[in-house]
Amino acid sequence: MTGTDSPRTPEPAVQVPTRTLVEALIRTDHTVDTGELYAIAPLLGMTDQQVRLCVKRLVTEGRFTQEGRGRKAVLRATGATEQTLVPDVEFVAHAFRQDAGLAPWDGIWHLVAFAVPETARTARDALRAALTRLGGAAVQGGLYISANAWEPYVEDQARHLGVLDHLTLLTTDNLRQGDEHAPAALARVLWPLDEIADRYQRLAAVARPRLRRLQEDDGLPGPERLTIAVELAAEFTRAMEPDPLLPPELLPQPWPGTQARELVAQCWTLLEEHTKGSERASLFQLYRDVLRPAAADS
């Protein structure tokens with residue numbers, strides 16, 4: 001068998017929680033067509049029963065209201081849901097700007113120190129979780145660091161938790177742990193870069209064959225296109241959530257995140273080009289809003 005006759009490597013399967021499927025299919029008018037939901041679910045290995053139970057839970061939790069029944073129903077996202085569904089476009093846009101070399105590092109480390117009393121243990125734990133979510137790394141107990149100017153986000157979280165008075169914010173261009181002071185070496189110690197790189201390699205492995213399918217067949221049925229969109233969104237989120245978005249100067253090169261995001265961007269461009277406006281989920285608009293400014297700046 002020649003190389004050209006060799007069968008293609010199967011596309012890696014993507015695990016998409018049922019809740020993620022529902023949220024990914026919210027359209028720009030904040031509704032979900034359940035007929036579309038049931039059509040795409042089996043393409044992702046989900047049963048009708050799983051979909052029904054998930055819809056019931058989301059309605060019970062007050063995240064959606066339901067008009068109609070079964071496959072002809074329409075789900076409408078509540079105000080609280082609208083606020084929590086959209087990933088932080090600012091951070092995603094920043095990642096693409098870094099990839100394009102438009103956000104060079106200024107050599108400044110940003111540190112947050114806190115001493116929240118035991119009586120506010122819940123708020124203290126929530127603050128630690130928030131700092132990690134914002135890309136911070138623990139230097140030692142009560143001291144977190146970022147290579148990005150995260151102060152406005154940290155202050156917002158601390159104010160929300162009622163612990164702003166317990167914070168100290170500082171910056172430095174002279175950081176050393178033991179005898180190590182090289183910034184890239186410090187980044188390798190402080191953040192789990194190998195694990196983050198593995199997630200991006202997984203994202204690239206998912207995106208690459210789906211991009212090839214989109215390039216070779218611009219007449220894919222609507223459910224198949226939306227299935228690809230949902231799979232990409234789920235895997236993209238898994239890769240991006242633990243990423244501290246370190247500047248390229250602190251990362252091993254070539255960095256897998258750059259290639260993975262480029263593959264996803266190409267997929268999203270093709271998905272939008274060949275999807276009718278009435279069929280587009282709101283996440284199409286989200287990624288369009290992120291990618292167009294990055295392309296314009298480059």
# chains A, B, ... in the order shown; residues from 1 in each chain; ligands from 1
call {"tool": "closest_atom_pairs", "arguments": {"of": "stretch 151-190 of chain A", "to": "stretch 235-258 of chain A", "cutoff": "10 Å", "atoms": "only C-alpha atoms", "output": "tab-separated table"}}
result
residue	atom	partner	partner_atom	distance
A:Ala182	CA	A:Leu250	CA	9.4
A:Pro183	CA	A:Leu250	CA	6.4
A:Ala184	CA	A:Leu250	CA	4.3
A:Ala185	CA	A:Leu250	CA	7.9
A:Leu186	CA	A:Leu250	CA	8.5
A:Ala187	CA	A:Leu250	CA	6.3
A:Arg188	CA	A:Leu251	CA	8.1
call {"tool": "write_last_selection", "arguments": {"atoms": "all heavy atoms", "output": "PDB file, in the first residue's frame"}}
result
ATOM      1  N   ALA A 182      17.207  33.419  36.536  1.00  0.00           N
ATOM      2  CA  ALA A 182      16.852  33.526  35.115  1.00  0.00           C
ATOM      3  C   ALA A 182      15.332  33.403  34.976  1.00  0.00           C
ATOM      4  O   ALA A 182      14.742  32.415  35.435  1.00  0.00           O
ATOM      5  CB  ALA A 182      17.546  32.440  34.306  1.00  0.00           C
ATOM      6  N   PRO A 183      14.652  34.369  34.364  1.00  0.00           N
ATOM      7  CA  PRO A 183      13.187  34.360  34.298  1.00  0.00           C
ATOM      8  C   PRO A 183      12.587  33.089  33.703  1.00  0.00           C
ATOM      9  O   PRO A 183      11.636  32.529  34.259  1.00  0.00           O
ATOM     10  CB  PRO A 183      12.871  35.578  33.429  1.00  0.00           C
ATOM     11  CG  PRO A 183      14.011  36.512  33.678  1.00  0.00           C
ATOM     12  CD  PRO A 183      15.210  35.612  33.802  1.00  0.00           C
ATOM     13  N   ALA A 184      13.125  32.594  32.589  1.00  0.00           N
ATOM     14  CA  ALA A 184      12.565  31.396  31.964  1.00  0.00           C
ATOM     15  C   ALA A 184      12.724  30.172  32.871  1.00  0.00           C
ATOM     16  O   ALA A 184      11.833  29.323  32.947  1.00  0.00           O
ATOM     17  CB  ALA A 184      13.223  31.140  30.608  1.00  0.00           C
ATOM     18  N   ALA A 185      13.851  30.085  33.559  1.00  0.00           N
ATOM     19  CA  ALA A 185      14.075  28.969  34.481  1.00  0.00           C
ATOM     20  C   ALA A 185      13.126  29.061  35.666  1.00  0.00           C
ATOM     21  O   ALA A 185      12.593  28.042  36.133  1.00  0.00           O
ATOM     22  CB  ALA A 185      15.529  28.965  34.956  1.00  0.00           C
ATOM     23  N   LEU A 186      12.880  30.270  36.166  1.00  0.00           N
ATOM     24  CA  LEU A 186      11.930  30.453  37.263  1.00  0.00           C
ATOM     25  C   LEU A 186      10.524  30.047  36.822  1.00  0.00           C
ATOM     26  O   LEU A 186       9.772  29.436  37.593  1.00  0.00           O
ATOM     27  CB  LEU A 186      11.941  31.909  37.727  1.00  0.00           C
ATOM     28  CG  LEU A 186      13.181  32.361  38.498  1.00  0.00           C
ATOM     29  CD1 LEU A 186      13.168  33.874  38.685  1.00  0.00           C
ATOM     30  CD2 LEU A 186      13.243  31.664  39.860  1.00  0.00           C
ATOM     31  N   ALA A 187      10.157  30.382  35.590  1.00  0.00           N
ATOM     32  CA  ALA A 187       8.829  30.024  35.090  1.00  0.00           C
ATOM     33  C   ALA A 187       8.656  28.514  35.059  1.00  0.00           C
ATOM     34  O   ALA A 187       7.579  27.991  35.391  1.00  0.00           O
ATOM     35  CB  ALA A 187       8.623  30.616  33.691  1.00  0.00           C
ATOM     36  N   ARG A 188       9.723  27.794  34.698  1.00  0.00           N
ATOM     37  CA  ARG A 188       9.632  26.321  34.662  1.00  0.00           C
ATOM     38  C   ARG A 188       9.419  25.747  36.057  1.00  0.00           C
ATOM     39  O   ARG A 188       8.766  24.722  36.226  1.00  0.00           O
ATOM     40  CB  ARG A 188      10.907  25.727  34.039  1.00  0.00           C
ATOM     41  CG  ARG A 188      11.007  25.917  32.537  1.00  0.00           C
ATOM     42  CD  ARG A 188      12.066  25.020  31.928  1.00  0.00           C
ATOM     43  NE  ARG A 188      13.398  25.298  32.448  1.00  0.00           N
ATOM     44  CZ  ARG A 188      14.220  26.200  31.923  1.00  0.00           C
ATOM     45  NH1 ARG A 188      13.842  26.927  30.888  1.00  0.00           N
ATOM     46  NH2 ARG A 188      15.423  26.384  32.437  1.00  0.00           N
TER      47      ARG A 188
END
call {"tool": "closest_atom_pairs", "arguments": {"of": "stretch 131-235 of chain A", "to": "stretch 111-114 of chain A", "cutoff": "10 Å", "atoms": "only C-alpha atoms", "output": "Markdown table"}}
result
| residue | atom | partner | partner_atom | distance |
| --- | --- | --- | --- | --- |
| A:Leu131 | CA | A:Val112 | CA | 8.8 |
| A:Gly136 | CA | A:Leu111 | CA | 8.7 |
| A:Ala137 | CA | A:Leu111 | CA | 9.5 |
| A:Ala138 | CA | A:Val112 | CA | 9.6 |
| A:Val139 | CA | A:Leu111 | CA | 9.2 |
| A:Gln140 | CA | A:Ala113 | CA | 9.6 |
| A:Gly141 | CA | A:Ala113 | CA | 8.8 |
| A:Gly142 | CA | A:Phe114 | CA | 5.2 |
| A:Leu143 | CA | A:Ala113 | CA | 4.4 |
| A:Tyr144 | CA | A:Val112 | CA | 5.2 |
| A:Ile145 | CA | A:Leu111 | CA | 4.4 |
| A:Ser146 | CA | A:Leu111 | CA | 6.4 |
| A:Ala147 | CA | A:Leu111 | CA | 8.8 |
| A:Asn148 | CA | A:Leu111 | CA | 9.8 |
| A:Ala149 | CA | A:Leu111 | CA | 9.5 |
| A:Trp150 | CA | A:Leu111 | CA | 9.1 |
| A:Glu151 | CA | A:Val112 | CA | 8.4 |
| A:Val154 | CA | A:Val112 | CA | 8.3 |
| A:Glu155 | CA | A:Val112 | CA | 10.0 |
| A:Val163 | CA | A:Phe114 | CA | 8.9 |
| A:Leu164 | CA | A:Phe114 | CA | 9.0 |
| A:Asp165 | CA | A:Phe114 | CA | 9.0 |
| A:His166 | CA | A:Phe114 | CA | 5.5 |
| A:Leu167 | CA | A:Phe114 | CA | 4.6 |
| A:Thr168 | CA | A:Ala113 | CA | 5.1 |
| A:Leu169 | CA | A:Val112 | CA | 4.8 |
| A:Leu170 | CA | A:Leu111 | CA | 5.3 |
| A:Thr171 | CA | A:Leu111 | CA | 5.9 |
| A:Thr172 | CA | A:Leu111 | CA | 8.0 |
call {"tool": "closest_residue", "arguments": {"among": "A:Glu82, A:Glu11, A:Glu61, A:Glu216", "to": "A:Glu23", "atoms": "only C-alpha atoms"}}
result
A:Glu82
call {"tool": "closest_residue", "arguments": {"among": "A:Arg159, A:Glu36, A:Leu134, A:Val59", "to": "A:Asp88", "atoms": "only C-alpha atoms"}}
result
A:Leu134
call {"tool": "atom_distance", "arguments": {"atom1": "atom CA of A:Gln157", "atom2": "atom CA of A:Glu118"}}
result
18.6 Å
call {"tool": "select_by_dssp", "arguments": {"residues": "stretch 90-180 of chain A", "states": "strand (DSSP E or B)", "output": "list in words"}}
result
Trp109, His110, Leu111, Val112, Ala113, Phe114, Ala137, Ala138, Val139, Gln140, Leu143, Tyr144, Ile145, Ser146, Leu167, Thr168, Leu169, Leu170, Thr171, Thr172, Gln177 and Glu180 of chain A
call {"tool": "write_last_selection", "arguments": {"atoms": "N, CA, C and O atoms", "output": "mmCIF file, in the first residue's frame"}}
result
data_model
loop_
_atom_site.group_PDB
_atom_site.id
_atom_site.type_symbol
_atom_site.label_atom_id
_atom_site.label_comp_id
_atom_site.auth_asym_id
_atom_site.auth_seq_id
_atom_site.Cartn_x
_atom_site.Cartn_y
_atom_site.Cartn_z
ATOM 1 N N TRP A 109 7.701 41.337 37.234
ATOM 2 C CA TRP A 109 6.901 40.328 37.925
ATOM 3 C C TRP A 109 5.881 41.052 38.812
ATOM 4 O O TRP A 109 6.219 42.047 39.451
ATOM 5 N N HIS A 110 4.662 40.505 38.858
ATOM 6 C CA HIS A 110 3.591 41.114 39.657
ATOM 7 C C HIS A 110 3.234 40.152 40.793
ATOM 8 O O HIS A 110 2.860 39.002 40.540
ATOM 9 N N LEU A 111 3.363 40.615 42.030
ATOM 10 C CA LEU A 111 3.154 39.757 43.201
ATOM 11 C C LEU A 111 1.977 40.235 44.040
ATOM 12 O O LEU A 111 1.693 41.434 44.111
ATOM 13 N N VAL A 112 1.313 39.261 44.651
ATOM 14 C CA VAL A 112 0.220 39.524 45.584
ATOM 15 C C VAL A 112 0.522 38.761 46.864
ATOM 16 O O VAL A 112 0.736 37.549 46.835
ATOM 17 N N ALA A 113 0.558 39.479 47.972
ATOM 18 C CA ALA A 113 0.723 38.846 49.283
ATOM 19 C C ALA A 113 -0.553 39.084 50.083
ATOM 20 O O ALA A 113 -1.166 40.145 49.986
ATOM 21 N N PHE A 114 -0.950 38.071 50.839
ATOM 22 C CA PHE A 114 -2.156 38.245 51.657
ATOM 23 C C PHE A 114 -2.013 37.483 52.961
ATOM 24 O O PHE A 114 -1.309 36.472 53.047
ATOM 25 N N ALA A 137 0.948 31.786 40.345
ATOM 26 C CA ALA A 137 1.628 30.616 40.910
ATOM 27 C C ALA A 137 2.012 30.951 42.346
ATOM 28 O O ALA A 137 2.402 32.082 42.658
ATOM 29 N N ALA A 138 1.891 29.953 43.218
ATOM 30 C CA ALA A 138 2.247 30.153 44.620
ATOM 31 C C ALA A 138 3.764 30.119 44.766
ATOM 32 O O ALA A 138 4.411 29.135 44.417
ATOM 33 N N VAL A 139 4.315 31.217 45.282
ATOM 34 C CA VAL A 139 5.750 31.265 45.566
ATOM 35 C C VAL A 139 6.005 30.618 46.919
ATOM 36 O O VAL A 139 6.926 29.810 47.086
ATOM 37 N N GLN A 140 5.164 30.957 47.876
ATOM 38 C CA GLN A 140 5.137 30.329 49.195
ATOM 39 C C GLN A 140 3.805 30.721 49.832
ATOM 40 O O GLN A 140 3.002 31.421 49.203
ATOM 41 N N LEU A 143 1.730 34.075 49.144
ATOM 42 C CA LEU A 143 2.432 34.919 48.176
ATOM 43 C C LEU A 143 2.306 34.292 46.794
ATOM 44 O O LEU A 143 2.763 33.173 46.564
ATOM 45 N N TYR A 144 1.666 35.037 45.882
ATOM 46 C CA TYR A 144 1.426 34.547 44.514
ATOM 47 C C TYR A 144 2.045 35.503 43.508
ATOM 48 O O TYR A 144 2.180 36.701 43.762
ATOM 49 N N ILE A 145 2.388 34.948 42.341
ATOM 50 C CA ILE A 145 3.100 35.732 41.337
ATOM 51 C C ILE A 145 2.499 35.531 39.954
ATOM 52 O O ILE A 145 1.961 34.462 39.639
ATOM 53 N N SER A 146 2.594 36.564 39.140
ATOM 54 C CA SER A 146 2.176 36.505 37.739
ATOM 55 C C SER A 146 3.172 37.304 36.919
ATOM 56 O O SER A 146 3.803 38.246 37.423
ATOM 57 N N LEU A 167 -4.704 42.540 51.435
ATOM 58 C CA LEU A 167 -3.795 42.318 50.313
ATOM 59 C C LEU A 167 -2.672 43.346 50.271
ATOM 60 O O LEU A 167 -2.865 44.506 50.634
ATOM 61 N N THR A 168 -1.516 42.879 49.801
ATOM 62 C CA THR A 168 -0.404 43.774 49.475
ATOM 63 C C THR A 168 0.001 43.462 48.036
ATOM 64 O O THR A 168 0.224 42.299 47.686
ATOM 65 N N LEU A 169 0.053 44.485 47.196
ATOM 66 C CA LEU A 169 0.408 44.318 45.792
ATOM 67 C C LEU A 169 1.774 44.952 45.546
ATOM 68 O O LEU A 169 2.035 46.070 45.997
ATOM 69 N N LEU A 170 2.633 44.254 44.826
ATOM 70 C CA LEU A 170 3.960 44.796 44.553
ATOM 71 C C LEU A 170 4.490 44.262 43.237
ATOM 72 O O LEU A 170 4.000 43.243 42.720
ATOM 73 N N THR A 171 5.471 44.946 42.692
ATOM 74 C CA THR A 171 6.120 44.510 41.456
ATOM 75 C C THR A 171 7.628 44.530 41.656
ATOM 76 O O THR A 171 8.158 45.256 42.509
ATOM 77 N N THR A 172 8.312 43.721 40.842
ATOM 78 C CA THR A 172 9.769 43.693 40.907
ATOM 79 C C THR A 172 10.317 43.215 39.571
ATOM 80 O O THR A 172 9.646 42.468 38.845
ATOM 81 N N GLN A 177 14.936 32.705 43.330
ATOM 82 C CA GLN A 177 14.624 31.602 44.242
ATOM 83 C C GLN A 177 15.901 30.803 44.436
ATOM 84 O O GLN A 177 16.402 30.188 43.489
ATOM 85 N N GLU A 180 18.636 30.653 41.675
ATOM 86 C CA GLU A 180 18.075 30.790 40.333
ATOM 87 C C GLU A 180 17.408 32.142 40.155
ATOM 88 O O GLU A 180 16.529 32.536 40.920
#
call {"tool": "residues_around", "arguments": {"residues": "stretch 69-79 of chain A", "least_positions_apart": "3", "cutoff": "9 Å", "atoms": "only C-alpha atoms", "output": "compact mmCIF listing (two decimals) with all heavy atoms, in the first residue's frame"}}
result
# COMPACT_ATOMS: atom_id res chain seq x y z
N GLU A 23 -24.88 24.67 26.48
CA GLU A 23 -24.39 26.04 26.57
C GLU A 23 -23.72 26.49 25.28
O GLU A 23 -23.82 27.66 24.88
CB GLU A 23 -23.42 26.15 27.75
CG GLU A 23 -24.10 25.94 29.10
CD GLU A 23 -23.14 25.91 30.27
OE1 GLU A 23 -21.92 25.80 30.02
OE2 GLU A 23 -23.59 26.01 31.42
N ILE A 26 -26.15 27.92 22.49
CA ILE A 26 -26.91 29.15 22.69
C ILE A 26 -26.65 30.08 21.52
O ILE A 26 -25.50 30.38 21.17
CB ILE A 26 -26.51 29.84 24.01
CG1 ILE A 26 -26.88 28.97 25.21
CG2 ILE A 26 -27.19 31.20 24.14
CD1 ILE A 26 -26.45 29.55 26.53
N ASP A 29 -29.46 35.17 20.04
CA ASP A 29 -30.66 35.70 20.71
C ASP A 29 -30.89 35.04 22.07
O ASP A 29 -31.96 35.14 22.65
CB ASP A 29 -31.91 35.54 19.83
CG ASP A 29 -32.23 34.08 19.55
OD1 ASP A 29 -31.45 33.19 19.97
OD2 ASP A 29 -33.26 33.81 18.92
N HIS A 30 -29.86 34.29 22.55
CA HIS A 30 -29.85 33.65 23.87
C HIS A 30 -30.82 32.47 23.97
O HIS A 30 -31.23 32.10 25.07
CB HIS A 30 -30.17 34.67 24.98
CG HIS A 30 -29.33 35.90 24.92
ND1 HIS A 30 -27.96 35.87 24.94
CD2 HIS A 30 -29.67 37.21 24.82
CE1 HIS A 30 -27.48 37.10 24.85
NE2 HIS A 30 -28.50 37.94 24.76
N THR A 31 -31.16 31.85 22.85
CA THR A 31 -32.04 30.69 22.86
C THR A 31 -31.29 29.45 22.37
O THR A 31 -30.25 29.56 21.70
CB THR A 31 -33.28 30.90 21.97
OG1 THR A 31 -32.86 31.03 20.60
CG2 THR A 31 -34.07 32.12 22.41
N VAL A 32 -31.84 28.29 22.71
CA VAL A 32 -31.33 27.01 22.22
C VAL A 32 -32.48 26.27 21.57
O VAL A 32 -33.54 26.08 22.19
CB VAL A 32 -30.74 26.15 23.36
CG1 VAL A 32 -30.29 24.78 22.83
CG2 VAL A 32 -29.58 26.87 24.03
N ASP A 33 -32.29 25.85 20.34
CA ASP A 33 -33.27 25.04 19.62
C ASP A 33 -33.06 23.59 20.04
O ASP A 33 -32.04 22.99 19.73
CB ASP A 33 -33.06 25.20 18.12
CG ASP A 33 -34.04 24.39 17.29
OD1 ASP A 33 -34.67 23.46 17.83
OD2 ASP A 33 -34.16 24.67 16.08
N THR A 34 -34.01 23.00 20.78
CA THR A 34 -33.79 21.64 21.28
C THR A 34 -33.78 20.62 20.15
O THR A 34 -33.17 19.56 20.29
CB THR A 34 -34.86 21.24 22.31
OG1 THR A 34 -36.15 21.40 21.74
CG2 THR A 34 -34.74 22.09 23.57
N GLY A 35 -34.42 20.93 19.02
CA GLY A 35 -34.34 20.02 17.87
C GLY A 35 -32.90 19.90 17.42
O GLY A 35 -32.41 18.79 17.11
N GLU A 36 -32.19 21.01 17.37
CA GLU A 36 -30.77 21.03 17.02
C GLU A 36 -29.96 20.28 18.08
O GLU A 36 -29.02 19.54 17.78
CB GLU A 36 -30.33 22.49 16.94
CG GLU A 36 -29.01 22.73 16.27
CD GLU A 36 -28.78 24.22 16.08
OE1 GLU A 36 -28.51 24.93 17.08
OE2 GLU A 36 -28.89 24.69 14.93
N LEU A 37 -30.34 20.48 19.33
CA LEU A 37 -29.66 19.82 20.45
C LEU A 37 -29.74 18.30 20.32
O LEU A 37 -28.72 17.60 20.43
CB LEU A 37 -30.30 20.28 21.75
CG LEU A 37 -29.71 19.82 23.07
CD1 LEU A 37 -28.28 20.29 23.21
CD2 LEU A 37 -30.55 20.33 24.23
N TYR A 38 -30.94 17.78 20.05
CA TYR A 38 -31.11 16.34 19.91
C TYR A 38 -30.46 15.80 18.65
O TYR A 38 -30.07 14.63 18.59
CB TYR A 38 -32.59 15.99 19.92
CG TYR A 38 -33.21 15.98 21.30
CD1 TYR A 38 -34.00 17.03 21.74
CD2 TYR A 38 -32.99 14.91 22.17
CE1 TYR A 38 -34.57 17.03 23.01
CE2 TYR A 38 -33.54 14.90 23.45
CZ TYR A 38 -34.32 15.97 23.86
OH TYR A 38 -34.87 15.95 25.13
N ARG A 52 -32.35 14.97 27.89
CA ARG A 52 -33.57 15.33 28.62
C ARG A 52 -33.26 15.64 30.09
O ARG A 52 -33.76 16.62 30.65
CB ARG A 52 -34.60 14.20 28.53
CG ARG A 52 -35.40 14.17 27.24
CD ARG A 52 -36.60 13.26 27.35
NE ARG A 52 -36.21 11.87 27.53
CZ ARG A 52 -35.98 11.02 26.52
NH1 ARG A 52 -36.09 11.45 25.27
NH2 ARG A 52 -35.64 9.78 26.75
N VAL A 55 -31.38 19.00 30.40
CA VAL A 55 -32.28 20.14 30.21
C VAL A 55 -33.13 20.35 31.45
O VAL A 55 -33.31 21.48 31.93
CB VAL A 55 -33.17 19.93 28.97
CG1 VAL A 55 -34.29 20.97 28.93
CG2 VAL A 55 -32.34 20.00 27.70
N VAL A 59 -33.10 23.77 33.80
CA VAL A 59 -34.33 24.53 34.04
C VAL A 59 -34.60 24.62 35.54
O VAL A 59 -34.94 25.69 36.08
CB VAL A 59 -35.53 23.91 33.29
CG1 VAL A 59 -36.84 24.59 33.71
CG2 VAL A 59 -35.33 24.03 31.78
N GLY A 62 -32.63 27.13 37.31
CA GLY A 62 -32.93 28.51 36.94
C GLY A 62 -31.98 29.09 35.92
O GLY A 62 -31.95 30.30 35.70
N ARG A 63 -31.22 28.23 35.25
CA ARG A 63 -30.27 28.71 34.24
C ARG A 63 -30.95 28.93 32.89
O ARG A 63 -30.46 29.69 32.06
CB ARG A 63 -29.10 27.74 34.11
CG ARG A 63 -28.26 27.65 35.38
CD ARG A 63 -27.07 26.73 35.21
NE ARG A 63 -26.16 27.19 34.20
CZ ARG A 63 -25.22 28.13 34.39
NH1 ARG A 63 -25.11 28.71 35.58
NH2 ARG A 63 -24.42 28.48 33.42
N PHE A 64 -32.06 28.23 32.67
CA PHE A 64 -32.82 28.38 31.43
C PHE A 64 -34.31 28.33 31.75
O PHE A 64 -34.72 27.74 32.76
CB PHE A 64 -32.51 27.25 30.43
CG PHE A 64 -31.15 27.31 29.82
CD1 PHE A 64 -30.06 26.75 30.46
CD2 PHE A 64 -30.95 27.91 28.59
CE1 PHE A 64 -28.80 26.78 29.91
CE2 PHE A 64 -29.69 27.95 28.01
CZ PHE A 64 -28.61 27.40 28.68
N THR A 65 -35.10 28.95 30.88
CA THR A 65 -36.55 28.72 30.90
C THR A 65 -36.88 27.91 29.65
O THR A 65 -36.11 27.93 28.67
CB THR A 65 -37.33 30.04 30.88
OG1 THR A 65 -36.98 30.79 29.71
CG2 THR A 65 -37.02 30.86 32.13
N GLN A 66 -37.97 27.17 29.70
CA GLN A 66 -38.33 26.31 28.58
C GLN A 66 -39.71 26.67 28.04
O GLN A 66 -40.66 26.83 28.80
CB GLN A 66 -38.32 24.83 29.02
CG GLN A 66 -38.66 23.86 27.90
CD GLN A 66 -38.46 22.40 28.31
OE1 GLN A 66 -37.73 22.13 29.25
NE2 GLN A 66 -39.11 21.50 27.60
N GLU A 82 -26.32 34.10 31.07
CA GLU A 82 -25.64 34.90 30.05
C GLU A 82 -24.33 35.46 30.59
O GLU A 82 -23.33 35.54 29.87
CB GLU A 82 -26.55 36.05 29.61
CG GLU A 82 -27.77 35.59 28.83
CD GLU A 82 -28.75 36.73 28.59
OE1 GLU A 82 -28.31 37.90 28.66
OE2 GLU A 82 -29.94 36.46 28.37
N GLN A 83 -24.31 35.84 31.86
CA GLN A 83 -23.11 36.44 32.44
C GLN A 83 -22.00 35.43 32.65
O GLN A 83 -20.82 35.77 32.60
CB GLN A 83 -23.45 37.10 33.78
CG GLN A 83 -24.38 38.31 33.65
CD GLN A 83 -24.80 38.86 35.00
OE1 GLN A 83 -24.32 38.41 36.04
NE2 GLN A 83 -25.72 39.82 34.99
call {"tool": "closest_residue", "arguments": {"among": "A:Val206, A:Gly135, A:Asp218, A:Gly162", "to": "A:Leu193", "atoms": "only C-alpha atoms"}}
result
A:Gly135
call {"tool": "decode", "arguments": {"residues": "stretch 57-69 of chain A", "atoms": "N, CA, C and O atoms", "output": "mmCIF file, in the first residue's frame"}}
result
data_model
loop_
_atom_site.group_PDB
_atom_site.id
_atom_site.type_symbol
_atom_site.label_atom_id
_atom_site.label_comp_id
_atom_site.auth_asym_id
_atom_site.auth_seq_id
_atom_site.Cartn_x
_atom_site.Cartn_y
_atom_site.Cartn_z
ATOM 1 N N ARG A 57 -32.410 19.553 34.533
ATOM 2 C CA ARG A 57 -31.576 20.099 35.611
ATOM 3 C C ARG A 57 -31.324 21.590 35.405
ATOM 4 O O ARG A 57 -31.399 22.385 36.345
ATOM 5 N N LEU A 58 -31.013 21.979 34.178
ATOM 6 C CA LEU A 58 -30.710 23.381 33.893
ATOM 7 C C LEU A 58 -31.918 24.278 34.131
ATOM 8 O O LEU A 58 -31.786 25.402 34.617
ATOM 9 N N VAL A 59 -33.104 23.765 33.798
ATOM 10 C CA VAL A 59 -34.333 24.534 34.043
ATOM 11 C C VAL A 59 -34.604 24.625 35.544
ATOM 12 O O VAL A 59 -34.939 25.690 36.076
ATOM 13 N N THR A 60 -34.413 23.501 36.248
ATOM 14 C CA THR A 60 -34.633 23.473 37.699
ATOM 15 C C THR A 60 -33.684 24.428 38.413
ATOM 16 O O THR A 60 -34.055 25.095 39.384
ATOM 17 N N GLU A 61 -32.446 24.514 37.928
ATOM 18 C CA GLU A 61 -31.448 25.403 38.539
ATOM 19 C C GLU A 61 -31.701 26.869 38.209
ATOM 20 O O GLU A 61 -31.020 27.754 38.738
ATOM 21 N N GLY A 62 -32.635 27.130 37.311
ATOM 22 C CA GLY A 62 -32.926 28.508 36.944
ATOM 23 C C GLY A 62 -31.984 29.089 35.917
ATOM 24 O O GLY A 62 -31.948 30.298 35.704
ATOM 25 N N ARG A 63 -31.217 28.226 35.253
ATOM 26 C CA ARG A 63 -30.271 28.712 34.241
ATOM 27 C C ARG A 63 -30.946 28.927 32.891
ATOM 28 O O ARG A 63 -30.462 29.692 32.060
ATOM 29 N N PHE A 64 -32.057 28.227 32.668
ATOM 30 C CA PHE A 64 -32.822 28.384 31.429
ATOM 31 C C PHE A 64 -34.309 28.334 31.751
ATOM 32 O O PHE A 64 -34.716 27.739 32.761
ATOM 33 N N THR A 65 -35.101 28.947 30.884
ATOM 34 C CA THR A 65 -36.545 28.718 30.895
ATOM 35 C C THR A 65 -36.876 27.912 29.650
ATOM 36 O O THR A 65 -36.114 27.933 28.666
ATOM 37 N N GLN A 66 -37.969 27.169 29.701
ATOM 38 C CA GLN A 66 -38.332 26.305 28.578
ATOM 39 C C GLN A 66 -39.706 26.674 28.040
ATOM 40 O O GLN A 66 -40.657 26.833 28.797
ATOM 41 N N GLU A 67 -39.774 26.796 26.721
ATOM 42 C CA GLU A 67 -41.043 27.055 26.037
ATOM 43 C C GLU A 67 -41.309 25.878 25.112
ATOM 44 O O GLU A 67 -40.504 25.584 24.228
ATOM 45 N N GLY A 68 -42.419 25.187 25.301
ATOM 46 C CA GLY A 68 -42.724 24.014 24.494
ATOM 47 C C GLY A 68 -42.162 22.746 25.105
ATOM 48 O O GLY A 68 -41.583 22.765 26.199
ATOM 49 N N ARG A 69 -42.316 21.636 24.371
ATOM 50 C CA ARG A 69 -41.897 20.341 24.888
ATOM 51 C C ARG A 69 -41.099 19.578 23.843
ATOM 52 O O ARG A 69 -41.218 19.815 22.636
#
